[in-house]
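**Q** Input entry_13.cif, format and content: mmCIF, C-alpha atoms.
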data_upload
loop_
_atom_site.label_atom_id
_atom_site.label_comp_id
_atom_site.auth_asym_id
_atom_site.auth_seq_id
_atom_site.Cartn_x
_atom_site.Cartn_y
_atom_site.Cartn_z
CA MET A 250 66.38 237.26 144.83
CA ALA A 251 65.36 233.70 144.06
CA PRO A 252 63.11 233.37 141.01
CA ALA A 253 59.53 232.28 141.47
CA ARG A 254 59.05 228.52 141.26
CA GLY A 255 58.75 227.37 137.69
CA GLU A 256 60.27 230.45 136.08
CA PRO A 257 63.26 229.27 134.03
CA LYS A 258 66.56 231.06 134.43
CA GLU A 259 70.14 230.62 133.37
CA TYR A 260 72.53 229.21 135.92
CA HIS A 261 76.27 228.68 135.91
CA ALA A 262 76.91 225.39 137.64
CA ILE A 263 80.24 223.72 138.32
CA LEU A 264 80.71 219.96 138.01
CA ASP A 265 81.36 218.96 141.61
CA ARG A 266 81.82 215.21 141.18
CA VAL A 267 80.59 212.22 139.26
CA HIS A 268 79.28 208.80 140.23
CA ASP A 269 79.53 205.96 137.75
CA TRP A 270 76.66 203.48 137.87
CA SER A 271 78.25 201.55 135.02
CA SER A 272 80.66 202.27 132.17
CA ASP A 273 77.82 203.93 130.25
CA THR A 274 75.69 205.52 132.97
CA ARG A 275 76.95 208.35 135.14
CA SER A 276 75.49 210.79 137.62
CA LEU A 277 76.82 214.33 137.41
CA PHE A 278 76.59 216.44 140.54
CA LEU A 279 76.37 220.10 139.58
CA ARG A 280 76.92 222.76 142.19
CA LEU A 281 75.25 226.14 141.87
CA PRO A 282 77.05 229.23 143.13
CA SER A 283 76.81 229.84 146.87
CA GLY A 284 73.42 231.15 147.89
CA ILE A 285 71.78 230.28 144.58
CA SER A 286 69.05 227.70 144.31
CA LEU A 287 67.05 226.42 141.37
CA PRO A 288 63.40 226.19 142.39
CA PHE A 289 61.86 223.23 140.61
CA ASP A 290 59.22 220.57 141.03
CA PRO A 291 60.12 216.88 141.26
CA GLY A 292 60.21 215.43 137.74
CA GLN A 293 61.34 218.57 135.90
CA PHE A 294 64.48 218.91 133.80
CA VAL A 295 67.20 221.38 132.97
CA SER A 296 68.36 222.30 129.50
CA LEU A 297 72.04 222.26 128.59
CA ALA A 298 73.36 224.12 125.55
CA LEU A 299 76.38 221.96 124.71
CA PRO A 300 79.23 223.49 122.65
CA VAL A 301 79.34 220.54 120.25
CA GLY A 302 77.87 219.36 116.96
CA ASP A 303 78.10 220.78 113.47
CA ARG A 304 75.84 223.69 114.40
CA PRO A 305 76.43 224.36 118.10
CA PRO A 306 74.99 224.71 120.56
CA LEU A 307 73.38 221.31 120.82
CA VAL A 308 70.45 221.66 123.21
CA ARG A 309 69.82 218.63 125.36
CA ALA A 310 67.55 218.08 128.33
CA TYR A 311 68.44 216.22 131.53
CA SER A 312 65.98 215.33 134.25
CA LEU A 313 66.87 216.40 137.75
CA ALA A 314 67.38 213.30 139.86
CA SER A 315 67.93 215.34 143.00
CA SER A 316 65.14 216.84 145.09
CA PRO A 317 64.34 220.54 145.37
CA GLU A 318 65.14 220.19 149.07
CA ASP A 319 68.73 219.15 148.24
CA GLY A 320 69.67 222.80 147.82
CA SER A 321 72.49 223.96 145.57
CA LEU A 322 73.71 220.51 144.50
CA LEU A 323 71.82 219.25 141.45
CA GLU A 324 72.10 215.70 140.14
CA VAL A 325 71.51 214.58 136.58
CA CYS A 326 71.91 211.08 135.26
CA VAL A 327 73.47 210.66 131.83
CA ASP A 328 73.54 207.64 129.53
CA ARG A 329 76.43 207.45 127.09
CA VAL A 330 74.83 207.23 123.67
CA PRO A 331 76.99 205.32 121.16
CA GLY A 332 78.39 207.96 118.83
CA GLY A 333 76.47 210.69 120.69
CA VAL A 334 78.45 213.94 120.67
CA GLY A 335 76.40 215.43 123.51
CA SER A 336 76.74 212.58 125.97
CA GLY A 337 80.35 212.07 124.86
CA TRP A 338 81.14 215.67 125.77
CA LEU A 339 79.43 215.35 129.15
CA PHE A 340 81.31 212.13 129.94
CA GLY A 341 84.55 213.97 129.16
CA LEU A 342 83.98 216.72 131.74
CA ALA A 343 86.27 216.82 134.77
CA PRO A 344 85.29 218.13 138.19
CA GLY A 345 85.58 221.90 138.20
CA ALA A 346 84.24 222.30 134.67
CA GLU A 347 81.60 224.96 134.18
CA VAL A 348 78.22 223.69 133.01
CA PRO A 349 75.79 226.46 132.04
CA LEU A 350 72.19 225.33 132.27
CA THR A 351 68.69 226.72 131.99
CA GLY A 352 65.65 225.56 133.84
CA PRO A 353 63.45 224.28 135.18
CA PHE A 354 61.28 222.93 132.37
CA GLY A 355 58.69 220.25 131.88
CA SER A 356 55.14 219.39 132.83
CA PHE A 357 56.03 215.81 133.81
CA LYS A 358 56.13 216.51 137.51
CA LEU A 359 54.60 215.84 140.86
CA VAL A 360 53.77 218.87 142.96
CA GLU A 361 50.93 217.92 145.29
CA PRO A 362 50.36 214.16 145.13
CA PRO A 363 46.69 213.22 144.68
CA ALA A 364 45.11 211.23 147.52
CA THR A 365 44.98 208.10 145.39
CA PRO A 366 47.38 205.20 144.97
CA LEU A 367 50.42 206.35 143.00
CA VAL A 368 52.30 204.13 140.56
CA PHE A 369 55.68 205.04 139.12
CA VAL A 370 57.01 203.05 136.18
CA ALA A 371 60.53 203.60 134.87
CA GLN A 372 62.94 201.88 132.56
CA GLY A 373 66.69 202.39 132.92
CA THR A 374 67.68 205.95 133.75
CA GLY A 375 64.02 206.87 133.40
CA ILE A 376 64.11 206.42 137.17
CA ALA A 377 65.94 209.78 137.46
CA PRO A 378 62.88 212.09 137.44
CA ILE A 379 60.90 209.47 139.38
CA ARG A 380 63.32 209.50 142.33
CA PRO A 381 62.46 213.01 143.61
CA MET A 382 58.77 212.34 142.93
CA VAL A 383 58.85 209.28 145.18
CA ARG A 384 60.56 211.28 147.90
CA ARG A 385 57.93 214.01 147.59
CA ALA A 386 55.09 211.48 147.66
CA LEU A 387 56.49 209.79 150.77
CA ALA A 388 56.71 213.14 152.51
CA SER A 389 53.11 213.97 151.63
CA GLY A 390 51.02 211.37 153.40
CA ASP A 391 50.21 207.70 153.77
CA ARG A 392 48.84 206.80 150.35
CA ALA A 393 50.03 203.60 148.68
CA ILE A 394 53.03 204.15 146.40
CA ALA A 395 54.35 201.55 143.99
CA VAL A 396 57.55 201.80 141.99
CA LEU A 397 58.21 199.38 139.14
CA GLN A 398 61.81 199.86 138.09
CA GLY A 399 62.73 198.22 134.83
CA GLY A 400 66.30 197.42 134.00
CA ALA A 401 68.68 194.97 132.41
CA VAL A 402 70.02 191.81 134.06
CA ALA A 403 73.60 192.83 133.37
CA SER A 404 73.43 196.40 134.69
CA PRO A 405 73.02 197.76 138.20
CA LEU A 406 69.71 199.46 138.88
CA VAL A 407 70.24 203.19 139.21
CA TYR A 408 69.09 204.23 142.72
CA GLY A 409 67.96 200.62 143.25
CA GLU A 410 69.65 200.27 146.65
CA GLU A 411 68.29 203.61 147.83
CA LEU A 412 64.75 202.73 146.78
CA THR A 413 65.03 199.31 148.41
CA ALA A 414 66.02 200.99 151.67
CA LEU A 415 63.20 203.53 151.37
CA ALA A 416 60.69 200.72 150.83
CA SER A 417 62.02 198.86 153.89
CA ALA A 418 61.57 201.95 156.03
CA ASN A 419 58.15 202.92 154.62
CA PRO A 420 55.34 200.33 154.59
CA ALA A 421 53.38 202.52 152.14
CA LEU A 422 56.10 202.14 149.50
CA GLN A 423 56.43 199.04 147.37
CA TRP A 424 59.49 198.87 145.15
CA GLU A 425 60.09 196.13 142.65
CA ALA A 426 62.79 195.52 140.09
CA VAL A 427 61.47 194.24 136.77
CA LEU A 428 64.37 192.94 134.73
CA ALA A 429 64.11 192.53 130.99
CA PRO A 430 64.81 189.08 129.53
CA PRO A 431 68.47 188.67 128.56
CA GLY A 432 69.17 189.91 125.06
CA THR A 433 66.50 192.61 125.14
CA ALA A 434 67.52 196.04 123.82
CA VAL A 435 68.42 198.35 126.73
CA THR A 436 65.50 200.66 125.98
CA ASP A 437 62.95 197.87 125.83
CA ASN A 438 61.36 195.70 128.50
CA PRO A 439 58.43 193.47 127.56
CA ARG A 440 58.40 192.11 131.12
CA LEU A 441 57.63 195.60 132.43
CA GLU A 442 54.64 195.84 130.11
CA GLN A 443 53.49 192.40 131.24
CA VAL A 444 53.67 193.32 134.93
CA VAL A 445 51.80 196.60 134.39
CA ARG A 446 49.11 194.77 132.42
CA GLU A 447 48.68 192.00 134.99
CA ARG A 448 48.71 194.28 138.01
CA TYR A 449 46.92 197.43 136.90
CA VAL A 450 44.72 196.35 134.01
CA GLU A 451 43.72 192.72 134.55
CA ALA A 452 43.86 192.30 138.36
CA ASP A 453 40.97 194.59 139.26
CA GLY A 454 38.60 197.30 138.07
CA ASN A 455 40.16 200.05 140.17
CA ARG A 456 40.89 202.93 137.81
CA ALA A 457 41.58 205.57 140.45
CA ARG A 458 45.35 205.15 140.41
CA HIS A 459 47.64 207.85 139.08
CA PHE A 460 50.68 206.89 137.00
CA TRP A 461 53.97 208.48 136.11
CA ILE A 462 55.87 206.67 133.34
CA CYS A 463 59.37 207.46 132.11
CA ALA A 464 61.16 205.42 129.46
CA VAL A 465 62.82 205.71 126.09
CA GLY A 466 60.82 205.73 122.87
CA ALA A 467 58.11 203.24 122.02
CA LEU A 468 58.09 201.52 125.42
CA ALA A 469 56.87 204.74 127.09
CA THR A 470 54.14 205.17 124.51
CA ARG A 471 53.00 201.55 124.78
CA LEU A 472 52.77 201.73 128.57
CA ARG A 473 50.82 204.99 128.39
CA ASP A 474 48.41 203.65 125.77
CA LEU A 475 47.95 200.37 127.65
CA LEU A 476 46.74 202.23 130.74
CA ARG A 477 44.67 204.90 129.00
CA SER A 478 42.92 202.36 126.83
CA ALA A 479 42.17 200.29 129.95
CA GLY A 480 40.03 203.10 131.34
CA TYR A 481 42.41 205.27 133.33
CA GLU A 482 41.74 208.97 132.81
CA ARG A 483 44.11 210.62 130.34
CA ARG A 484 45.53 213.11 132.80
CA ALA A 485 46.00 210.39 135.41
CA VAL A 486 48.55 208.70 133.16
CA ARG A 487 51.50 211.04 132.84
CA CYS A 488 54.27 209.99 130.53
CA GLU A 489 57.71 211.29 129.68
CA LYS A 490 59.10 209.73 126.52
CA TRP A 491 62.85 210.15 126.07
CA MET B 259 59.73 224.89 97.30
CA LEU B 260 57.67 225.59 100.41
CA ARG B 261 57.44 228.88 102.23
CA ILE B 262 57.11 229.74 105.92
CA ARG B 263 56.28 233.29 106.92
CA ILE B 264 57.24 233.99 110.51
CA LEU B 265 55.55 236.73 112.52
CA TYR B 266 56.66 237.75 115.98
CA GLU B 267 54.23 238.73 118.69
CA SER B 268 57.09 240.70 120.22
CA GLY B 269 57.07 243.07 117.25
CA GLU B 270 60.35 241.87 115.75
CA PRO B 271 60.43 242.20 111.94
CA GLU B 272 58.81 239.27 110.16
CA ARG B 273 60.87 236.74 108.24
CA THR B 274 60.10 234.48 105.32
CA ILE B 275 62.05 231.39 104.37
CA GLU B 276 61.80 229.03 101.43
CA PHE B 277 62.97 225.45 101.49
CA ASP B 278 62.72 222.12 99.73
CA PRO B 279 61.21 219.55 102.16
CA ALA B 280 63.17 216.82 100.39
CA ASP B 281 66.32 218.32 101.95
CA ALA B 282 65.19 217.56 105.53
CA PRO B 283 66.57 217.25 108.14
CA PHE B 284 67.96 220.76 108.22
CA SER B 285 69.25 220.63 111.81
CA HIS B 286 69.72 218.09 114.58
CA ASP B 287 66.61 218.90 116.59
CA GLY B 288 62.91 218.17 116.22
CA GLU B 289 61.20 215.83 113.81
CA PRO B 290 62.88 216.02 110.38
CA GLY B 291 61.04 218.60 108.33
CA SER B 292 59.27 220.04 111.38
CA ILE B 293 58.85 223.77 111.89
CA LEU B 294 61.66 223.68 114.46
CA ASP B 295 63.98 221.73 112.17
CA VAL B 296 63.33 224.05 109.23
CA LEU B 297 63.74 227.27 111.24
CA LEU B 298 66.94 226.19 112.99
CA GLY B 299 68.40 225.01 109.70
CA HIS B 300 67.74 228.45 108.20
CA GLY B 301 69.30 230.46 111.00
CA ILE B 302 66.05 231.38 112.74
CA HIS B 303 66.03 230.88 116.46
CA LEU B 304 63.14 229.04 118.10
CA GLU B 305 63.41 228.00 121.73
CA HIS B 306 63.60 224.23 122.26
CA ALA B 307 64.70 223.60 125.81
CA CYS B 308 64.16 219.84 125.64
CA GLY B 309 66.15 219.46 122.44
CA GLY B 310 63.07 219.02 120.28
CA LYS B 311 61.85 215.84 122.01
CA CYS B 312 58.27 216.87 122.76
CA ALA B 313 59.02 217.22 126.47
CA CYS B 314 58.35 220.94 126.92
CA THR B 315 56.41 223.74 125.26
CA THR B 316 59.13 226.27 124.52
CA CYS B 317 58.78 225.75 120.73
CA HIS B 318 55.06 226.62 120.87
CA VAL B 319 53.90 228.39 117.69
CA ILE B 320 50.48 229.62 116.62
CA LEU B 321 49.27 228.96 113.08
CA LYS B 322 47.84 231.98 111.33
CA ASP B 323 47.56 230.31 107.95
CA GLY B 324 48.22 226.87 106.46
CA GLU B 325 47.39 224.74 109.48
CA GLU B 326 46.21 222.00 107.12
CA ASN B 327 49.76 221.79 105.76
CA LEU B 328 51.07 220.23 108.96
CA SER B 329 51.29 216.62 110.10
CA GLU B 330 48.46 215.42 112.32
CA GLN B 331 48.88 216.12 116.02
CA GLN B 332 49.79 213.04 118.04
CA GLU B 333 48.82 212.31 121.64
CA GLU B 334 52.17 213.26 123.21
CA GLU B 335 52.06 216.66 121.52
CA ALA B 336 48.51 217.23 122.80
CA ASP B 337 49.62 216.20 126.30
CA GLU B 338 52.46 218.73 126.27
CA LEU B 339 50.42 221.52 124.72
CA ASP B 340 47.98 221.24 127.62
CA SER B 341 50.57 223.08 129.71
CA ALA B 342 51.59 225.73 127.15
CA PRO B 343 51.07 229.30 128.25
CA GLY B 344 48.81 231.20 125.85
CA LEU B 345 47.40 228.01 124.31
CA THR B 346 45.06 228.64 121.36
CA MET B 347 42.96 226.46 119.05
CA HIS B 348 45.72 226.92 116.47
CA SER B 349 48.70 226.05 118.67
CA ARG B 350 51.29 223.46 117.70
CA LEU B 351 54.69 222.42 118.94
CA GLY B 352 57.31 223.40 116.39
CA CYS B 353 59.33 220.24 117.07
CA GLN B 354 56.46 217.91 116.16
CA ALA B 355 54.56 219.67 113.35
CA VAL B 356 56.04 218.50 110.03
CA VAL B 357 55.53 220.92 107.16
CA SER B 358 54.02 219.84 103.83
CA GLY B 359 52.84 223.21 102.44
CA ASP B 360 53.05 226.96 102.89
CA LEU B 361 52.49 228.38 106.39
CA THR B 362 52.25 231.59 108.31
CA ILE B 363 53.17 231.19 111.98
CA VAL B 364 53.25 233.49 114.96
CA ILE B 365 55.93 233.05 117.58
CA PRO B 366 54.30 234.01 120.89
CA LYS B 367 55.85 236.70 123.00
CA TYR B 368 55.64 234.58 126.09
CA THR B 369 56.81 231.03 126.27
CA ILE B 370 57.64 229.23 129.49
CA ASN B 371 61.25 230.08 128.75
CA GLN B 372 60.72 233.78 128.28
CA ALA B 373 57.78 234.66 130.48
#
The structure given in the file should be rewritten as structure tokens.
**A**
Amino acid sequence: MAPARGEPKEYHAILDRVHDWSSDTRSLFLRLPSGISLPFDPGQFVSLALPVGDRPPLVRAYSLASSPEDGSLLEVCVDRVPGGVGSGWLFGLAPGAEVPLTGPFGSFKLVEPPATPLVFVAQGTGIAPIRPMVRRALASGDRAIAVLQGGAVASPLVYGEELTALASANPALQWEAVLAPPGTAVTDNPRLEQVVRERYVEADGNRARHFWICAVGALATRLRDLLRSAGYERRAVRCEKW
Amino acid sequence: MLRIRILYESGEPERTIEFDPADAPFSHDGEPGSILDVLLGHGIHLEHACGGKCACTTCHVILKDGEENLSEQQEEEADELDSAPGLTMHSRLGCQAVVSGDLTIVIPKYTINQA
């Protein structure tokens, strides 16, 4: 029997295939056993207990970039961390490898989109949990949806082509790439902060928008604080800091 | 040396550990010197599905004594705790609460992971 939505369980997935976005960013497609599904909400993550480190297991979380409707094939997007034993182990997996995982977890999610304009802000692979949220939002009505996808000039935008196509097919969806100035650290993007400030703080007094922000470290916190201090309600500014 | 007394809502026998905070980090998860870091480094299991990154509530603990001996709660911890099952006025996330004095904590019977 399938577990109730939101109740975490252990699953034994098999690595089906990989897709390399760049030399350091890879999607892993994990197949659950036949007839098994993992009920989750867009934005949630799974937890992997990796058999590495000086005191294994090393527990690491990976956002689900696939949608609940995708069935038994889960997608996670992994950045290779320099010297990182966890990401190094995951990059070394070959198709057919078993990947035990537990999930779903996380309150950074979109279940029933509010009837207000929605704004998604992501930097780098922070777009992974945003992708199924955007799909869910598009399937849930005609509200305005904006996606600001931050990235680096030298790297392809993960899911950038797919989101471009979605925006072309859906007038309610605006997608925009916001590339960091050359030389910026991969986890930072001052241009993204500037665009958010200009568009959602300085341009008007509308504070009814709802935001979902996903980025690494201080950038996520700064974006969250920028919006909350500008008058958006705390719970309307959801933030996942990696 | 600091002391953490650990009580289990499930009825498991209580544990007490002593440690020198200057030796932190004790493990590779959670803020160095946090409840999670100290417990993991002393062989005591505490769930931490997100790897101790303040992205879930599975390391939720309830302070029975010594709450003032923890680092101040930051906004991301408060945001996450909002969704913790069994939230109390004395709830903290083990991965974020850094220990500076003696504590008694209760590990709830039900976390999101074990409900």
**Q** How would you write, as a PDB file with C-alpha atoms, in the frame of the given file, the residues chosen by the PyMOL selection byres ((chain B and resi 306) around 8) on this structure?
**A**
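So part_16.pdb came out as:
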ATOM      1  CA  VAL A 308      70.450 221.660 123.210  1.00  0.00           C
TER       2      VAL A 308
ATOM      3  CA  LEU B 304      63.140 229.040 118.100  1.00  0.00           C
ATOM      4  CA  GLU B 305      63.410 228.000 121.730  1.00  0.00           C
ATOM      5  CA  ALA B 307      64.700 223.600 125.810  1.00  0.00           C
ATOM      6  CA  CYS B 308      64.160 219.840 125.640  1.00  0.00           C
ATOM      7  CA  GLY B 309      66.150 219.460 122.440  1.00  0.00           C
ATOM      8  CA  GLY B 310      63.070 219.020 120.280  1.00  0.00           C
ATOM      9  CA  CYS B 314      58.350 220.940 126.920  1.00  0.00           C
ATOM     10  CA  THR B 315      56.410 223.740 125.260  1.00  0.00           C
ATOM     11  CA  THR B 316      59.130 226.270 124.520  1.00  0.00           C
ATOM     12  CA  CYS B 317      58.780 225.750 120.730  1.00  0.00           C
ATOM     13  CA  CYS B 353      59.330 220.240 117.070  1.00  0.00           C
TER      14      CYS B 353
END
**Q** Rounded to one decimal place, report the atom CA of A:Leu299-atom CA of A:Gln372 distance in Å.
**A**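 Separating atom CA of A:Leu299 from atom CA of A:Gln372 is a distance of 25.4 Å.
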**Q** Using all atoms listed in the file, which residues sit within 8 Å of stretch 421-431 of chain A once same-chain residues fewer than 6 positions away are excluded, as a list in words?
**A**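 Answer for this query is Leu387, Asp391, Arg392, Ala393, Ile394, Ala395, Val396, Leu397, Gln398, Gly399, Gly400, Ala401, Val402, Gly409, Leu412, Thr413, Leu415, Asp437, Asn438, Pro439, Arg440 and Leu441 of chain A.
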**Q** Taking 2 positions as the minimum chain separation for residues in the same chain, which residues sit within 12 Å of stretch 264-271 of chain A when counting all atoms listed in the file? Answer as a PyMOL selection string.
**A** chain A and resi 261-262+273-282+321-329+339-350+373-374+401+403-410
**Q** With distances taken over only C-alpha atoms, which residue among B:Asn327, B:Thr362, B:Ser268, B:Gln332 lies nearest chain A?
**A**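 Once distances to chain A are computed over only C-alpha atoms, the minimum belongs to B:Gln332.
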**Q** Select from chain A every residue with an atom at most 6 Å from any atom of chain B, then for each give the shortest pair of atoms and their distance in Å to one decimal, using all atoms listed in the file, rows by chain and rising number, as JSON lines.
**A**
{"residue": "A:Pro257", "atom": "CA", "partner": "B:Asn371", "partner_atom": "CA", "distance": 5.7}
{"residue": "A:Ser296", "atom": "CA", "partner": "B:Ala307", "partner_atom": "CA", "distance": 5.4}
{"residue": "A:Val308", "atom": "CA", "partner": "B:Gly309", "partner_atom": "CA", "distance": 4.9}
{"residue": "A:Arg309", "atom": "CA", "partner": "B:Gly309", "partner_atom": "CA", "distance": 4.8}
{"residue": "A:Ala310", "atom": "CA", "partner": "B:Cys308", "partner_atom": "CA", "distance": 4.7}
{"residue": "A:Gly355", "atom": "CA", "partner": "B:Cys314", "partner_atom": "CA", "distance": 5.0}
**Q** My list of candidates is B:Leu361, B:Ile320, B:Leu294, B:Ala280. Which is closest to B:Ile262 when distances are computed with all atoms listed in the file?
**A**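 Result for the nearest residue to B:Ile262: B:Leu361.
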**Q** For B:Ile302, work out the shell of residues within 12 Å, counting all atoms listed in the file and skipping chain neighbours fewer than 3 positions away, then give it as a list in words.
**A**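 Near B:Ile302, the qualifying residues are Ile262, Arg263, Ile264, Leu265, Tyr266, Glu272, Arg273, Thr274, Ile275, Phe284, Ser285, Ile293, Leu294, Asp295, Val296, Leu297, Leu298, Gly299, Glu305 and Ile365 of chain B.
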**Q** For the atom pair atom CA of A:Val334 and atom CA of A:Ser272, what is the interatomic distance in Å to one decimal place?
**A**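 Rounded to one decimal, the two atoms are 16.5 Å apart.
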**Q** Here's the selection I'm unsure about, the PyMOL selection byres ((chain A and resi 471) around 12); applied to the file above, which residues does it give, as number ranges by chain?
**A** A: 437-439, 441-443, 445-446, 462-470, 472-478, 486, 488-490; B: 333-334
**Q** Go through B:Leu351, B:Ile363, B:Val357, B:Leu321 one by one, measure the shortest atom-to-atom distance of each to B:Phe277 using all atoms listed in the file, and give the residue with the smallest value.
**A**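 Once distances to B:Phe277 are computed over all atoms listed in the file, the minimum belongs to B:Val357.
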**Q** Is it possible to get the axis-aligned box enclosing stretch 269-274 of chain B (all listed atoms, 5 Å extra per side) as JSON, with centre and edge lengths in Å rounded to one decimal?
**A**
{"center_x": 59.0, "center_y": 238.8, "center_z": 111.3, "size_x": 13.8, "size_y": 18.6, "size_z": 21.9}
**Q** Apply the PyMOL selection byres ((chain A and resi 302-304) around 8) to the file shown and report the selected residues as a list in words.
**A**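 Against this file, the PyMOL selection byres ((chain A and resi 302-304) around 8) returns the residues Pro300, Val301, Pro305, Pro306, Leu307, Val334 and Gly335 of chain A; Ser285 of chain B.
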**Q** Can you tell me, as a ChimeraX atom specification, what residues are no more than 8 Å from B:Gly352 when counting only C-alpha atoms, ignoring any on the same chain fewer than 2 positions away?
**A** /B:288,292-294,317-319,350,354-355
**Q** What does the structure give for the distance between atom CA of A:Tyr449 and atom CA of A:Val368, in Å to one decimal?
**A** 9.3 Å
**Q** Tell me which protein, DNA and RNA residues are within 7 Å of B:Leu328, counting all atoms listed in the file, leaving out same-chain ones fewer than 2 positions away, and put them as a list in words.
**A** Glu325, Glu326, Glu330, Ala355, Val356, Val357 and Ser358 of chain B
